[in-house]
Structures are given as structure tokens and as C-alpha cells.
>>> print(open('query_16.tsv').read())   # TSV, C-alpha atoms
chain	number	residue	atom	x	y	z
A	1	MET	CA	4.78	-11.34	20.74
A	2	ALA	CA	3.17	-13.02	23.73
A	3	TYR	CA	1.34	-11.10	26.42
A	4	GLY	CA	-1.28	-12.88	28.48
A	5	GLU	CA	-2.08	-16.58	28.75
A	6	ALA	CA	-3.96	-16.96	25.48
A	7	ALA	CA	-1.20	-15.23	23.50
A	8	ARG	CA	1.50	-17.26	25.21
A	9	ARG	CA	-0.26	-20.50	24.33
A	10	GLU	CA	-0.81	-19.38	20.74
A	11	ALA	CA	2.77	-18.12	20.38
A	12	GLY	CA	4.14	-21.47	21.50
A	13	LEU	CA	2.10	-23.27	18.85
A	14	SER	CA	2.95	-20.68	16.20
A	15	ILE	CA	6.67	-21.02	16.85
A	16	ALA	CA	6.42	-24.80	16.79
A	17	SER	CA	4.75	-24.63	13.37
A	18	MET	CA	7.45	-22.26	12.14
A	19	GLN	CA	10.22	-24.57	13.29
A	20	GLU	CA	8.55	-27.60	11.78
A	21	HIS	CA	8.65	-26.07	8.29
A	22	ASN	CA	11.66	-23.74	8.57
A	23	GLU	CA	14.35	-25.66	10.35
A	24	GLY	CA	17.23	-23.56	11.60
A	25	LEU	CA	15.45	-20.22	11.27
A	26	PRO	CA	16.13	-18.29	14.49
A	27	VAL	CA	12.96	-17.35	16.35
A	28	SER	CA	12.49	-15.07	19.36
A	29	VAL	CA	9.49	-14.09	21.39
A	30	ILE	CA	8.74	-10.63	22.75
A	31	GLY	CA	6.95	-10.47	26.07
A	32	ALA	CA	7.03	-9.55	29.71
A	33	GLU	CA	7.97	-13.11	30.69
A	34	PRO	CA	10.02	-15.86	29.07
A	35	LEU	CA	8.25	-18.56	27.06
A	36	GLY	CA	9.95	-21.91	27.66
A	37	ARG	CA	13.38	-22.07	26.07
A	38	ILE	CA	12.61	-19.75	23.20
A	39	PRO	CA	15.05	-16.79	23.11
A	40	TRP	CA	13.26	-14.00	24.97
A	41	ILE	CA	13.19	-10.30	24.21
A	42	ARG	CA	11.99	-8.62	27.33
A	43	CYS	CA	9.54	-5.77	26.91
A	44	ASP	CA	7.43	-4.98	29.96
A	45	LEU	CA	4.00	-3.84	28.86
A	46	PRO	CA	0.50	-4.41	30.18
A	47	VAL	CA	-1.53	-6.83	28.03
A	48	GLU	CA	-3.83	-4.06	26.79
A	49	ARG	CA	-0.90	-2.07	25.42
A	50	ASN	CA	1.05	-4.97	23.93
A	51	ARG	CA	0.63	-3.58	20.42
A	52	TRP	CA	3.31	-1.08	21.34
A	53	ALA	CA	5.86	-3.93	21.24
A	54	LYS	CA	4.96	-4.70	17.62
A	55	LEU	CA	5.28	-1.02	16.70
A	56	SER	CA	8.69	-0.97	18.40
A	57	LEU	CA	10.15	-3.83	16.41
A	58	ASP	CA	12.75	-1.47	15.00
A	59	ASN	CA	14.15	-1.20	18.53
A	60	LEU	CA	13.42	-4.72	19.73
A	61	SER	CA	14.21	-7.08	16.88
A	62	PRO	CA	17.71	-8.59	16.98
A	63	TYR	CA	17.52	-9.55	13.30
A	64	ALA	CA	18.61	-7.29	10.42
A	65	GLN	CA	15.90	-8.97	8.39
A	66	THR	CA	12.87	-9.69	10.50
A	67	LEU	CA	9.72	-11.66	9.91
A	68	TYR	CA	7.13	-10.48	12.40
A	69	MET	CA	4.21	-12.81	13.05
A	70	ASP	CA	1.20	-12.47	15.30
A	71	ALA	CA	0.99	-15.14	17.98
A	72	ASP	CA	-2.20	-16.60	16.51
A	73	THR	CA	-0.62	-17.58	13.19
A	74	ARG	CA	0.38	-21.04	12.02
A	75	VAL	CA	3.02	-21.69	9.41
A	76	ASN	CA	2.40	-24.45	6.89
A	77	GLY	CA	5.45	-24.20	4.65
A	78	SER	CA	8.72	-22.45	3.89
A	79	VAL	CA	8.80	-18.68	4.37
A	80	LEU	CA	12.25	-18.38	2.81
A	81	ALA	CA	10.95	-16.51	-0.25
A	82	GLY	CA	10.03	-13.56	1.98
A	83	PHE	CA	13.62	-13.21	3.14
A	84	GLU	CA	14.87	-13.56	-0.43
A	85	ILE	CA	12.63	-10.66	-1.41
A	86	LEU	CA	14.29	-8.52	1.27
A	87	GLU	CA	17.71	-9.78	0.17
A	88	ASP	CA	16.88	-8.58	-3.34
A	89	GLY	CA	16.46	-5.03	-2.04
A	90	TRP	CA	12.86	-4.56	-0.96
A	91	ASP	CA	12.36	-2.80	2.37
A	92	MET	CA	9.24	-4.68	3.35
A	93	ALA	CA	6.95	-7.42	2.13
A	94	ILE	CA	3.45	-7.56	3.51
A	95	ALA	CA	0.25	-9.29	2.51
A	96	LEU	CA	-3.05	-7.76	1.50
A	97	SER	CA	-5.82	-7.79	4.02
A	98	LYS	CA	-9.04	-9.53	3.03
A	99	ASN	CA	-10.98	-6.41	4.06
A	100	GLN	CA	-10.86	-4.07	1.09
A	101	SER	CA	-14.36	-2.85	0.33
A	102	VAL	CA	-17.40	-2.56	2.62
A	103	ASP	CA	-15.36	-4.05	5.45
A	104	TRP	CA	-12.51	-1.59	4.97
A	105	LEU	CA	-10.95	-0.93	8.41
A	106	TRP	CA	-14.16	-2.31	9.95
A	107	HIS	CA	-12.35	-3.12	13.18
A	108	CYS	CA	-11.08	0.43	13.66
A	109	GLY	CA	-13.07	3.27	15.20
A	110	GLU	CA	-14.95	5.73	13.01
A	111	ALA	CA	-12.50	8.54	13.77
A	112	ASP	CA	-9.56	6.30	12.87
A	113	ARG	CA	-11.22	5.36	9.56
A	114	GLN	CA	-12.04	8.96	8.72
A	115	LEU	CA	-8.57	10.23	9.51
A	116	THR	CA	-7.06	7.50	7.34
A	117	GLU	CA	-9.30	8.30	4.39
A	118	THR	CA	-8.56	12.01	4.74
A	119	CYS	CA	-4.80	11.44	4.87
A	120	LEU	CA	-4.80	9.13	1.86
A	121	ARG	CA	-7.57	11.02	-0.01
A	122	HIS	CA	-9.21	7.66	-0.70
A	123	LYS	CA	-9.89	4.31	0.94
A	124	GLY	CA	-6.39	3.00	0.36
A	125	LEU	CA	-5.27	-0.57	0.20
A	126	GLN	CA	-5.43	-2.29	3.57
A	127	TYR	CA	-2.56	-4.54	4.58
A	128	GLY	CA	-2.50	-7.30	7.14
A	129	ALA	CA	0.18	-6.25	9.59
A	130	GLY	CA	0.08	-9.55	11.45
A	131	VAL	CA	2.72	-10.99	9.12
A	132	MET	CA	5.43	-8.76	7.71
A	133	PHE	CA	8.96	-9.08	6.46
A	134	ILE	CA	11.14	-6.06	7.25
A	135	ALA	CA	14.71	-5.16	6.33
A	136	TRP	CA	15.90	-2.56	8.81
A	137	ASN	CA	17.28	0.56	7.22
A	138	GLU	CA	16.70	4.32	7.42
A	139	ARG	CA	13.39	4.09	5.57
A	140	THR	CA	11.85	1.27	7.58
A	141	ARG	CA	13.03	2.75	10.88
A	142	ALA	CA	11.44	6.06	9.90
A	143	LEU	CA	8.25	4.22	8.94
A	144	PHE	CA	8.03	2.53	12.33
A	145	THR	CA	8.63	5.83	14.09
A	146	ALA	CA	5.79	7.35	12.05
A	147	TRP	CA	3.63	4.28	12.74
A	148	ARG	CA	4.04	4.74	16.49
A	149	GLY	CA	3.15	8.40	16.10
A	150	GLU	CA	0.02	7.63	14.08
A	151	TRP	CA	-1.03	4.86	16.44
A	152	GLY	CA	-0.81	7.35	19.30
A	153	ALA	CA	-3.78	9.22	17.83
A	154	PHE	CA	-6.22	6.49	18.93
A	155	CYS	CA	-4.13	3.76	20.62
A	156	GLY	CA	-6.41	1.08	19.22
A	157	GLN	CA	-5.97	-1.06	16.11
A	158	ASP	CA	-2.81	-0.49	14.10
A	159	GLN	CA	-3.82	-0.91	10.45
A	160	GLY	CA	-5.20	2.57	9.84
A	161	ALA	CA	-2.14	3.97	11.57
A	162	PHE	CA	0.07	1.86	9.30
A	163	MET	CA	-1.64	3.20	6.18
A	164	ARG	CA	-1.23	6.78	7.35
A	165	ALA	CA	2.40	6.22	8.32
A	166	LEU	CA	3.10	4.68	4.92
A	167	GLN	CA	1.69	7.74	3.23
A	168	ARG	CA	4.07	9.92	5.26
A	169	VAL	CA	7.14	7.69	4.97
A	170	ARG	CA	7.38	5.73	1.77
A	171	VAL	CA	9.27	2.44	1.65
A	172	ARG	CA	9.97	-0.05	-1.09
A	173	LEU	CA	7.02	-2.31	-0.38
A	174	TRP	CA	6.43	-5.63	-2.12
A	175	VAL	CA	2.83	-6.73	-1.83
A	176	LEU	CA	2.22	-10.38	-1.02
A	177	GLY	CA	-0.96	-12.32	-1.61
A	178	GLY	CA	-3.38	-13.48	1.05
A	179	THR	CA	-1.65	-16.89	1.03
A	180	TRP	CA	0.96	-15.26	3.25
A	181	ASN	CA	-1.43	-14.10	5.93
A	182	GLY	CA	-4.69	-15.88	6.49
A	183	GLY	CA	-4.15	-18.29	3.60
A	184	SER	CA	-2.63	-21.67	2.90
A	185	LEU	CA	0.97	-20.78	3.74
A	186	VAL	CA	0.26	-18.88	6.95
A	187	THR	CA	-3.10	-19.47	8.54
A	188	HIS	CA	-4.31	-16.85	10.96
A	189	ARG	CA	-6.57	-17.71	13.88
A	190	TYR	CA	-7.76	-14.14	14.27
A	191	GLY	CA	-8.62	-13.23	17.83
A	192	MET	CA	-7.33	-16.42	19.45
A	193	ALA	CA	-4.44	-14.63	21.19
A	194	ARG	CA	-6.72	-12.33	23.17
B	1	MET	CA	-7.96	25.81	-6.69
B	2	TRP	CA	-11.43	27.31	-7.01
B	3	VAL	CA	-14.27	25.51	-5.32
B	4	ARG	CA	-17.88	26.43	-4.60
B	5	LEU	CA	-18.88	26.07	-0.97
B	6	SER	CA	-21.81	23.86	-0.05
B	7	THR	CA	-21.72	25.08	3.52
B	8	LEU	CA	-20.60	28.06	5.57
B	9	LYS	CA	-16.82	28.19	6.04
B	10	THR	CA	-14.32	30.43	7.72
B	11	VAL	CA	-11.26	30.57	5.52
B	12	SER	CA	-7.85	32.07	6.18
B	13	ILE	CA	-6.47	33.67	3.04
B	14	GLY	CA	-3.28	35.71	3.11
B	15	GLY	CA	-3.36	35.68	6.90
B	16	GLN	CA	-6.87	37.11	7.05
B	17	ARG	CA	-9.83	35.05	8.20
B	18	ARG	CA	-13.12	35.55	6.41
B	19	THR	CA	-16.42	33.79	6.57
B	20	TYR	CA	-17.90	32.61	3.27
B	21	GLN	CA	-21.49	31.56	2.73
B	22	GLN	CA	-22.93	28.50	1.01
B	23	GLY	CA	-22.65	29.04	-2.76
B	24	ASP	CA	-19.62	31.36	-2.53
B	25	TRP	CA	-16.66	30.70	-4.75
B	26	VAL	CA	-13.34	30.62	-2.94
B	27	GLU	CA	-9.78	29.87	-4.01
B	28	VAL	CA	-7.96	27.62	-1.53
B	29	GLY	CA	-4.97	25.29	-1.43
B	30	LYS	CA	-5.09	21.78	-2.81
B	31	TYR	CA	-5.20	20.11	0.59
B	32	ASP	CA	-8.21	22.05	1.81
B	33	ALA	CA	-9.96	21.67	-1.53
B	34	LEU	CA	-9.55	17.89	-1.55
B	35	GLN	CA	-10.73	17.60	2.01
B	36	TRP	CA	-13.79	19.75	1.46
B	37	LEU	CA	-14.69	17.91	-1.72
B	38	ALA	CA	-14.33	14.57	0.06
B	39	ASN	CA	-16.55	15.79	2.90
B	40	GLY	CA	-19.14	17.26	0.57
B	41	ASP	CA	-18.43	20.77	1.87
B	42	ALA	CA	-17.64	22.06	-1.62
B	43	THR	CA	-18.13	21.31	-5.29
B	44	LEU	CA	-16.12	21.96	-8.41
B	45	PRO	CA	-16.86	24.01	-11.49
B	46	ASP	CA	-18.83	21.98	-14.03
B	47	GLY	CA	-16.75	19.61	-16.04
B	48	ASP	CA	-13.74	19.81	-13.76
B	49	MET	CA	-12.45	16.43	-12.65
B	50	GLY	CA	-10.83	17.73	-9.52
B	51	PRO	CA	-8.00	19.82	-8.17
B	52	LEU	CA	-5.19	18.68	-10.39
B	53	VAL	CA	-1.76	19.67	-9.25
B	54	GLY	CA	1.50	20.27	-11.05
B	55	ASP	CA	1.94	19.45	-14.70
B	56	CYS	CA	-0.20	16.39	-15.20
B	57	GLY	CA	-1.40	14.68	-18.31
B	58	ILE	CA	-2.59	11.44	-19.83
B	59	ARG	CA	-0.56	9.41	-22.28
B	60	VAL	CA	-2.61	6.93	-24.27
B	61	TYR	CA	-0.40	4.17	-25.65
B	62	GLY	CA	-0.87	1.01	-27.66
B	63	GLY	CA	-3.46	2.62	-29.94
B	64	ALA	CA	-5.42	5.82	-30.27
B	65	ASP	CA	-8.63	4.97	-28.41
B	66	ALA	CA	-8.61	7.78	-25.85
B	67	PRO	CA	-11.07	7.97	-22.95
B	68	LYS	CA	-13.84	10.53	-23.03
B	69	LEU	CA	-13.40	12.55	-19.88
B	70	ALA	CA	-15.62	15.29	-18.58
B	71	GLY	CA	-12.64	17.11	-17.12
B	72	LYS	CA	-9.96	19.00	-18.96
B	73	LEU	CA	-6.54	17.42	-18.89
B	74	PRO	CA	-3.71	17.37	-21.44
B	75	LEU	CA	-3.80	14.11	-23.38
B	76	THR	CA	-1.45	12.76	-26.00
B	77	VAL	CA	-1.32	9.53	-27.95
B	78	GLY	CA	1.92	7.71	-28.67
B	79	GLY	CA	4.48	5.36	-27.20
B	80	LEU	CA	5.13	4.30	-23.66
B	81	THR	CA	6.82	7.51	-22.55
B	82	LEU	CA	6.38	10.20	-19.91
B	83	PRO	CA	5.54	13.44	-21.71
B	84	TYR	CA	4.43	15.17	-18.48
B	85	PRO	CA	6.12	15.50	-15.09
B	86	GLN	CA	3.21	13.41	-13.81
B	87	THR	CA	1.71	11.09	-16.36
B	88	LEU	CA	-1.21	8.73	-16.31
B	89	LEU	CA	-0.18	5.95	-18.69
B	90	LEU	CA	-3.42	4.59	-20.08
B	91	ARG	CA	-3.59	1.72	-22.52
B	92	SER	CA	-5.71	2.52	-25.54
B	93	GLY	CA	-9.36	1.65	-24.94
B	94	ARG	CA	-9.03	1.35	-21.17
B	95	CYS	CA	-10.85	3.42	-18.57
B	96	ILE	CA	-10.27	4.62	-15.07
B	97	ARG	CA	-12.84	6.10	-12.72
B	98	GLU	CA	-12.47	9.77	-13.44
B	99	ASN	CA	-12.88	10.94	-9.85
B	100	PHE	CA	-9.73	9.02	-8.91
B	101	ILE	CA	-7.51	10.76	-11.47
B	102	PRO	CA	-6.63	13.79	-9.29
B	103	ILE	CA	-6.00	11.49	-6.34
B	104	GLY	CA	-3.62	9.39	-8.44
B	105	PHE	CA	-1.68	12.49	-9.38
B	106	TYR	CA	-1.65	13.58	-5.76
B	107	LEU	CA	-0.21	10.20	-4.75
B	108	VAL	CA	2.64	10.34	-7.27
B	109	GLU	CA	3.71	13.63	-5.78
B	110	GLN	CA	5.03	11.39	-3.01
B	111	TRP	CA	5.34	7.96	-4.60
B	112	GLU	CA	7.12	7.33	-7.89
B	113	ILE	CA	4.45	5.03	-9.28
B	114	ALA	CA	0.86	4.34	-8.30
B	115	ALA	CA	-1.17	1.59	-9.91
B	116	PRO	CA	-4.31	-0.35	-9.02
B	117	LEU	CA	-4.17	-4.05	-8.38
B	118	TYR	CA	-5.78	-6.33	-10.94
B	119	ASP	CA	-7.60	-8.51	-8.44
B	120	TYR	CA	-7.38	-9.39	-4.76
B	121	GLU	CA	-7.73	-13.13	-5.27
B	122	ALA	CA	-6.11	-13.90	-8.63
B	123	MET	CA	-2.41	-14.20	-7.91
B	124	ALA	CA	0.44	-14.09	-10.40
B	125	CYS	CA	0.47	-17.91	-10.42
B	126	THR	CA	-2.92	-17.86	-12.16
B	127	ARG	CA	-1.97	-15.42	-14.94
B	128	GLY	CA	-0.25	-16.07	-18.25
B	129	THR	CA	1.18	-19.21	-19.76
B	130	PRO	CA	3.26	-21.68	-17.73
B	131	GLU	CA	6.30	-20.44	-19.62
B	132	GLU	CA	5.62	-16.83	-18.69
B	133	GLN	CA	4.96	-17.84	-15.11
B	134	ARG	CA	8.36	-19.53	-14.98
B	135	ARG	CA	9.95	-16.42	-16.47
B	136	THR	CA	8.23	-14.32	-13.84
B	137	GLN	CA	9.10	-16.61	-10.95
B	138	ASP	CA	12.76	-16.50	-11.97
B	139	VAL	CA	12.61	-12.76	-11.31
B	140	ILE	CA	10.13	-12.26	-8.45
B	141	ARG	CA	10.82	-15.58	-6.65
B	142	ASP	CA	7.28	-16.27	-5.48
B	143	LEU	CA	4.13	-16.11	-7.57
B	144	ARG	CA	1.74	-15.98	-4.64
B	145	VAL	CA	1.45	-12.24	-5.05
B	146	PRO	CA	-1.21	-10.01	-6.61
B	147	THR	CA	-0.57	-8.45	-9.99
B	148	TYR	CA	-1.11	-4.82	-10.87
B	149	ASN	CA	-3.42	-3.59	-13.58
B	150	ALA	CA	-0.71	-2.30	-15.87
B	151	ASP	CA	-3.20	-0.63	-18.19
B	152	THR	CA	-3.57	2.28	-15.79
B	153	VAL	CA	-0.39	3.55	-14.18
B	154	PHE	CA	0.40	6.92	-12.63
B	155	VAL	CA	4.08	7.81	-12.91
B	156	ARG	CA	6.16	10.72	-11.64
B	157	ARG	CA	8.94	11.45	-14.11
B	158	SER	CA	12.38	10.78	-12.60
B	159	LYS	CA	15.57	8.94	-13.43
B	160	GLU	CA	14.25	5.85	-11.64
B	161	THR	CA	10.90	5.82	-13.41
B	162	GLN	CA	12.53	6.40	-16.81
B	163	GLU	CA	14.61	3.33	-16.02
B	164	PHE	CA	11.47	1.52	-14.97
B	165	LEU	CA	9.82	2.21	-18.34
B	166	ARG	CA	12.92	1.02	-20.15
B	167	VAL	CA	12.89	-2.27	-18.21
B	168	TRP	CA	9.13	-2.67	-18.63
B	169	GLU	CA	9.45	-2.31	-22.39
B	170	ARG	CA	12.25	-4.87	-22.36
B	171	GLU	CA	10.13	-7.26	-20.30
B	172	LEU	CA	7.23	-6.82	-22.70
B	173	VAL	CA	9.29	-8.35	-25.49
B	174	GLY	CA	8.06	-11.89	-26.00
B	175	SER	CA	5.47	-11.44	-23.27
B	176	ALA	CA	1.77	-11.96	-23.84
B	177	GLU	CA	0.84	-10.86	-20.34
B	178	THR	CA	1.41	-7.14	-19.81
B	179	ASP	CA	0.70	-7.34	-16.09
B	180	LEU	CA	3.37	-9.98	-15.48
B	181	ALA	CA	5.89	-7.95	-17.49
B	182	PHE	CA	4.98	-4.96	-15.33
B	183	LEU	CA	5.46	-7.02	-12.16
B	184	ARG	CA	8.89	-8.19	-13.31
B	185	ALA	CA	9.93	-4.64	-14.14
B	186	LEU	CA	8.78	-3.44	-10.72
B	187	TYR	CA	10.76	-6.18	-9.03
B	188	ILE	CA	13.90	-5.42	-10.99
B	189	VAL	CA	13.88	-1.61	-10.61
B	190	LYS	CA	12.16	-1.37	-7.19
B	191	PRO	CA	10.60	2.07	-7.46
B	192	LEU	CA	8.52	3.49	-4.64
B	193	VAL	CA	5.24	2.03	-5.79
B	194	CYS	CA	1.86	2.67	-4.22
B	195	ALA	CA	-0.59	-0.16	-4.80
B	196	LEU	CA	-4.17	1.02	-5.24
B	197	PRO	CA	-7.49	-0.75	-4.71
B	198	VAL	CA	-9.02	-2.65	-7.62
B	199	GLN	CA	-12.08	-0.39	-7.43
B	200	TRP	CA	-10.12	2.31	-9.23
B	201	ILE	CA	-10.71	0.58	-12.53
B	202	LYS	CA	-13.94	0.81	-14.46
B	203	ARG	CA	-14.88	-2.72	-15.47
>>> encode(input="query_16.tsv", output="C-alpha cells")
Amino acid sequence: MAYGEAARREAGLSIASMQEHNEGLPVSVIGAEPLGRIPWIRCDLPVERNRWAKLSLDNLSPYAQTLYMDADTRVNGSVLAGFEILEDGWDMAIALSKNQSVDWLWHCGEADRQLTETCLRHKGLQYGAGVMFIAWNERTRALFTAWRGEWGAFCGQDQGAFMRALQRVRVRLWVLGGTWNGGSLVTHRYGMAR
Amino acid sequence: MWVRLSTLKTVSIGGQRRTYQQGDWVEVGKYDALQWLANGDATLPDGDMGPLVGDCGIRVYGGADAPKLAGKLPLTVGGLTLPYPQTLLLRSGRCIRENFIPIGFYLVEQWEIAAPLYDYEAMACTRGTPEEQRRTQDVIRDLRVPTYNADTVFVRRSKETQEFLRVWERELVGSAETDLAFLRALYIVKPLVCALPVQWIKR
């Protein structure tokens, strides 16, 4: 997903790192403008609402099994295992966020945090939605629909909305370690795409 | 569910709205009760661990060392089975933070299984013997994943979860690492599992 100059620059580098370690894996970029020769999925959105494109992956992704990655990620090895997990029958595979205790949903607004805690009845596990493997089926499509609905409550960050959506629409979710998002396999340059 | 109000509330019961004062006892639905308790707007009768729903109970397995809980909840000791429609499977001698028990049962109304993670940093590749790691990798493909704390598992009784228990018991054979056996069983059966924060466990 590449909206705005910083994100376009980061996306180019992210895709290059993916191709270096995962030869032959098809990659596309979502944005309002093409990015070099990379297959382009057009989705006209203002930069400040670009998160909507991520939440609409169920409509935008051309791949039955999709690995979504934020533009500011860098791949340092094979991601094949994630696709194998989907092939084995899991609906999604997503990594834990590093923010699980005092920094739980720190980047979300207070109202967003409170609504999430009320819906889940506790401070549930926070996932990093900047890297996620998704197999499209009825469950995951329903989850993304719910995610868009929950995000609409505040139109800000998407992680609280994801947790609330997941409580409404359950999927077969395989939890990955931090290596997969912000770790040695996929490094995450948080904030560099803004 | 009966709760005692810590603040003034207007409550709709049987279609009629009434205002209750601080200190009043009122019987409300589970959702409202949980929300009020979380917000500090109400308290529970002494010794009650929370608004438990449905037919819930604790099954202590692997020994007879049962937890001492302030709340009242059916508890049996025996094998790895599901004697209640919603069962907290608790390994003998292990503890869970009591205030989370009703929330765990609430979660398995929707999910089939809910279990806390063992640790956020220690991945499956750091647990067990090399041989057991190989056995686990053959099943789950990648060991860079967190493990669950299999000593404390909430389970809703269903065909899928009965199958899960059967596979877990099979995976426990020849396994010295319960959590890796649990992870393999999860991967094989693929129930709807809700991972919970590590803070749920008393350490």
C-alpha cells in the first residue's frame, strides 16, 4: 500500500527486499498511482484515509492467499511458511504486537481503547496488523467487513478495531511470533511511510 | 446476575425503567453486569468470582492439587475430559488469576478454546528438546511462534473440541513438553482458538 511520497519510497524498498528473498512470489502495490513496473491495484484515496485500502483487502487483493505488508517493512528471508500455514487450513496468520501491557493500544485514542476493553471484557492480545497472511473465505471476508465497521467508529488506528472485529467474527487464527513483524525475518521501520 | 450498585443507575427491567441508588441490589443481564463491574459501577456478593454464565466448571487433571478459590464453582478432579459444557482445564497445582475466570468462560461462549500464551518472547524454537522441536516443526512448519500455557485452558464442549482433546492426548505420548504437544494438537485440529495475554497466569 503506497500513498504519499514517503510510503511510495518505502514500498519500493520493501518490495525489493521481498523479491530478493522470495523469488517468483507475485507482488502488487495498492495506491492512487502506479509504482514503477510493479503490478498496480488502483484505489483512489486521500493519503489520510489510506488505511481504508488495507481494510478493503478482501475486495482489492487479486490473490486467494494474500500476504499483506505495510510499506515500511523489510523482508530478510523466506516467507513461504506463512503461505504453507494457510494451505494447511488456517484462515489467517498474524504476529503478536510488542505492546501488550502498559503500552497496550498506546497509539489509539482513549475512547478506542475503552471500547475495545469493554467489547473483549479484558485487555486482549494485541496483534500487529502490518504483516498478515490471509486466506480468503467466508470467515475472513466477514472479518474484514466487521473490521471496516469497527474502524468507522473512530477512523484512526486499526488495531483496536481489529480486536473488536475478531471478537465479533471468529476466524481460525494462527499466532506468529514477533520475528514475523518487527523482528529478524520482517523488520518494521514504524512510521517511516508517513 | 445480582450486583450491588456503587453508583446511581437507571435500569430497564421488564420494559420498565427504574432508578436505583448506590448500595441497591439489582438483578441484570450478564453484559450489563460485566460492564458495570469493569467500570467500578457495581460490586459482587462476597466470595463471588464474577457473573458466571451457562454450565461452567473446573476440571483439575494430572493430580489432585486443586486451587483454593474464593468463588463458588463446580470442580472435579480426574482425567483430561470435559465434564461441563464449558470447562476450565487446570493442571494440578497450577493457578489462574481468579478474576479472569468468568471472562474466560464468557470468551468460550464464542470461541471453542481460549488459552493464555506462555510468554511473548520465548518462541516454540526455545522450548523442549531438539527432538521434540523437530517433531513439532514437522507439524506446525515454523517454530518462530509463541506457545500457549497449556496448564490453563478454557474449552467449550463440542465435537471439534472433543477431537482436540483426543489429539492432544495422543500428542502427549512420548512428549516431555506439554505446551508443544498442545501446539501440535491445535495445529492439527484447528479449532477456533482465542489466545489470551500472559498476565492471565499467576506466576
>>> atom_distance(input="query_16.tsv", atom1="atom CA of Ala114 of chain B", atom2="atom CA of Gly178 of chain A")
20.6 Å
>>> interface_residues(input="query_16.tsv", of="chain B", to="chain A", cutoff="6 Å", atoms="all atoms listed in the file", output="PDB file with C-alpha atoms, in the coordinates of the input")
ATOM      1  CA  ARG B 144       1.740 -15.980  -4.640  1.00  0.00           C
ATOM      2  CA  VAL B 145       1.450 -12.240  -5.050  1.00  0.00           C
ATOM      3  CA  PRO B 146      -1.210 -10.010  -6.610  1.00  0.00           C
ATOM      4  CA  LEU B 192       8.520   3.490  -4.640  1.00  0.00           C
ATOM      5  CA  LEU B 196      -4.170   1.020  -5.240  1.00  0.00           C
ATOM      6  CA  PRO B 197      -7.490  -0.750  -4.710  1.00  0.00           C
TER       7      PRO B 197
END
>>> residues_around(input="query_16.tsv", residues="Asn59 of chain A", least_positions_apart="3", cutoff="12 Å", atoms="all atoms listed in the file", output="JSON, numbers by chain")
{"A": [30, 41, 42, 43, 52, 53, 54, 55, 56, 62, 63, 64, 66, 136, 137, 140, 141, 142, 144, 145, 148]}
>>> atom_distance(input="query_16.tsv", atom1="atom CA of Tyr120 of chain B", atom2="atom CA of Pro102 of chain B")
23.6 Å
>>> residues_around(input="query_16.tsv", residues="Leu117 of chain B", least_positions_apart="6", cutoff="10 Å", atoms="all atoms listed in the file", output="compact mmCIF listing (two decimals) with C-alpha atoms, in the frame of the given file")
# COMPACT_ATOMS: atom_id res chain seq x y z
CA LEU A 125 -5.27 -0.57 0.20
CA VAL A 175 2.83 -6.73 -1.83
CA PRO B 146 -1.21 -10.01 -6.61
CA THR B 147 -0.57 -8.45 -9.99
CA TYR B 148 -1.11 -4.82 -10.87
CA ASN B 149 -3.42 -3.59 -13.58
CA ALA B 150 -0.71 -2.30 -15.87
CA THR B 152 -3.57 2.28 -15.79
CA ASP B 179 0.70 -7.34 -16.09
CA CYS B 194 1.86 2.67 -4.22
CA ALA B 195 -0.59 -0.16 -4.80
CA LEU B 196 -4.17 1.02 -5.24
CA PRO B 197 -7.49 -0.75 -4.71
CA VAL B 198 -9.02 -2.65 -7.62
CA GLN B 199 -12.08 -0.39 -7.43
CA TRP B 200 -10.12 2.31 -9.23
CA ILE B 201 -10.71 0.58 -12.53
>>> residues_around(input="query_16.tsv", residues="Gly4 of chain A", least_positions_apart="3", cutoff="8 Å", atoms="all atoms listed in the file", output="NGL selection string")
:A and (7-8 or 47 or 194)
>>> atom_distance(input="query_16.tsv", atom1="atom CA of Gln157 of chain A", atom2="atom CA of Gly12 of chain A")
23.4 Å
>>> residues_around(input="query_16.tsv", residues="Ile15 of chain A", least_positions_apart="6", cutoff="9 Å", atoms="all atoms listed in the file", output="ChimeraX atom specification")
/A:27-29,38,71,73-75
>>> write_last_selection(input="query_16.tsv", atoms="C-alpha atoms", output="JSON list (two decimals), in the frame of the given file")
[["chain", "number", "residue", "atom", "x", "y", "z"],
["A", 27, "VAL", "CA", 12.96, -17.35, 16.35],
["A", 28, "SER", "CA", 12.49, -15.07, 19.36],
["A", 29, "VAL", "CA", 9.49, -14.09, 21.39],
["A", 38, "ILE", "CA", 12.61, -19.75, 23.20],
["A", 71, "ALA", "CA", 0.99, -15.14, 17.98],
["A", 73, "THR", "CA", -0.62, -17.58, 13.19],
["A", 74, "ARG", "CA", 0.38, -21.04, 12.02],
["A", 75, "VAL", "CA", 3.02, -21.69, 9.41]]
>>> residues_near_point(input="query_16.tsv", point="(13.3, 10.9, -15.7)", cutoff="12 Å", atoms="only C-alpha atoms", output="ChimeraX atom specification")
/B:81-87,112,155-166
>>> axis_aligned_box(input="query_16.tsv", around="segment 81-84 of chain B", padding_each_side="4 Å", output="lines of an AutoDock Vina configuration file")
center_x = 5.6
center_y = 11.3
center_z = -20.5
size_x = 10.4
size_y = 15.7
size_z = 12.1
>>> build_atoms(input="query_16.tsv", residues="segment 179-189 of chain B", atoms="N, CA and C atoms", output="tab-separated table (two decimals), in the frame of the given file")
chain	number	residue	atom	x	y	z
B	179	ASP	N	0.64	-7.52	-17.55
B	179	ASP	CA	0.70	-7.34	-16.09
B	179	ASP	C	1.88	-8.09	-15.48
B	180	LEU	N	2.21	-9.25	-16.02
B	180	LEU	CA	3.37	-9.98	-15.48
B	180	LEU	C	4.67	-9.27	-15.87
B	181	ALA	N	4.70	-8.72	-17.07
B	181	ALA	CA	5.89	-7.95	-17.49
B	181	ALA	C	6.07	-6.75	-16.57
B	182	PHE	N	4.96	-6.11	-16.23
B	182	PHE	CA	4.98	-4.96	-15.33
B	182	PHE	C	5.51	-5.38	-13.95
B	183	LEU	N	5.04	-6.52	-13.48
B	183	LEU	CA	5.46	-7.02	-12.16
B	183	LEU	C	6.97	-7.31	-12.16
B	184	ARG	N	7.45	-7.90	-13.23
B	184	ARG	CA	8.89	-8.19	-13.31
B	184	ARG	C	9.70	-6.90	-13.31
B	185	ALA	N	9.21	-5.92	-14.07
B	185	ALA	CA	9.93	-4.64	-14.14
B	185	ALA	C	9.95	-3.96	-12.78
B	186	LEU	N	8.82	-4.02	-12.07
B	186	LEU	CA	8.78	-3.44	-10.72
B	186	LEU	C	9.82	-4.10	-9.84
B	187	TYR	N	9.85	-5.44	-9.91
B	187	TYR	CA	10.76	-6.18	-9.03
B	187	TYR	C	12.21	-5.86	-9.33
B	188	ILE	N	12.50	-5.67	-10.60
B	188	ILE	CA	13.90	-5.42	-10.99
B	188	ILE	C	14.32	-4.01	-10.57
B	189	VAL	N	13.49	-3.02	-10.84
B	189	VAL	CA	13.88	-1.61	-10.61
B	189	VAL	C	13.59	-1.17	-9.16
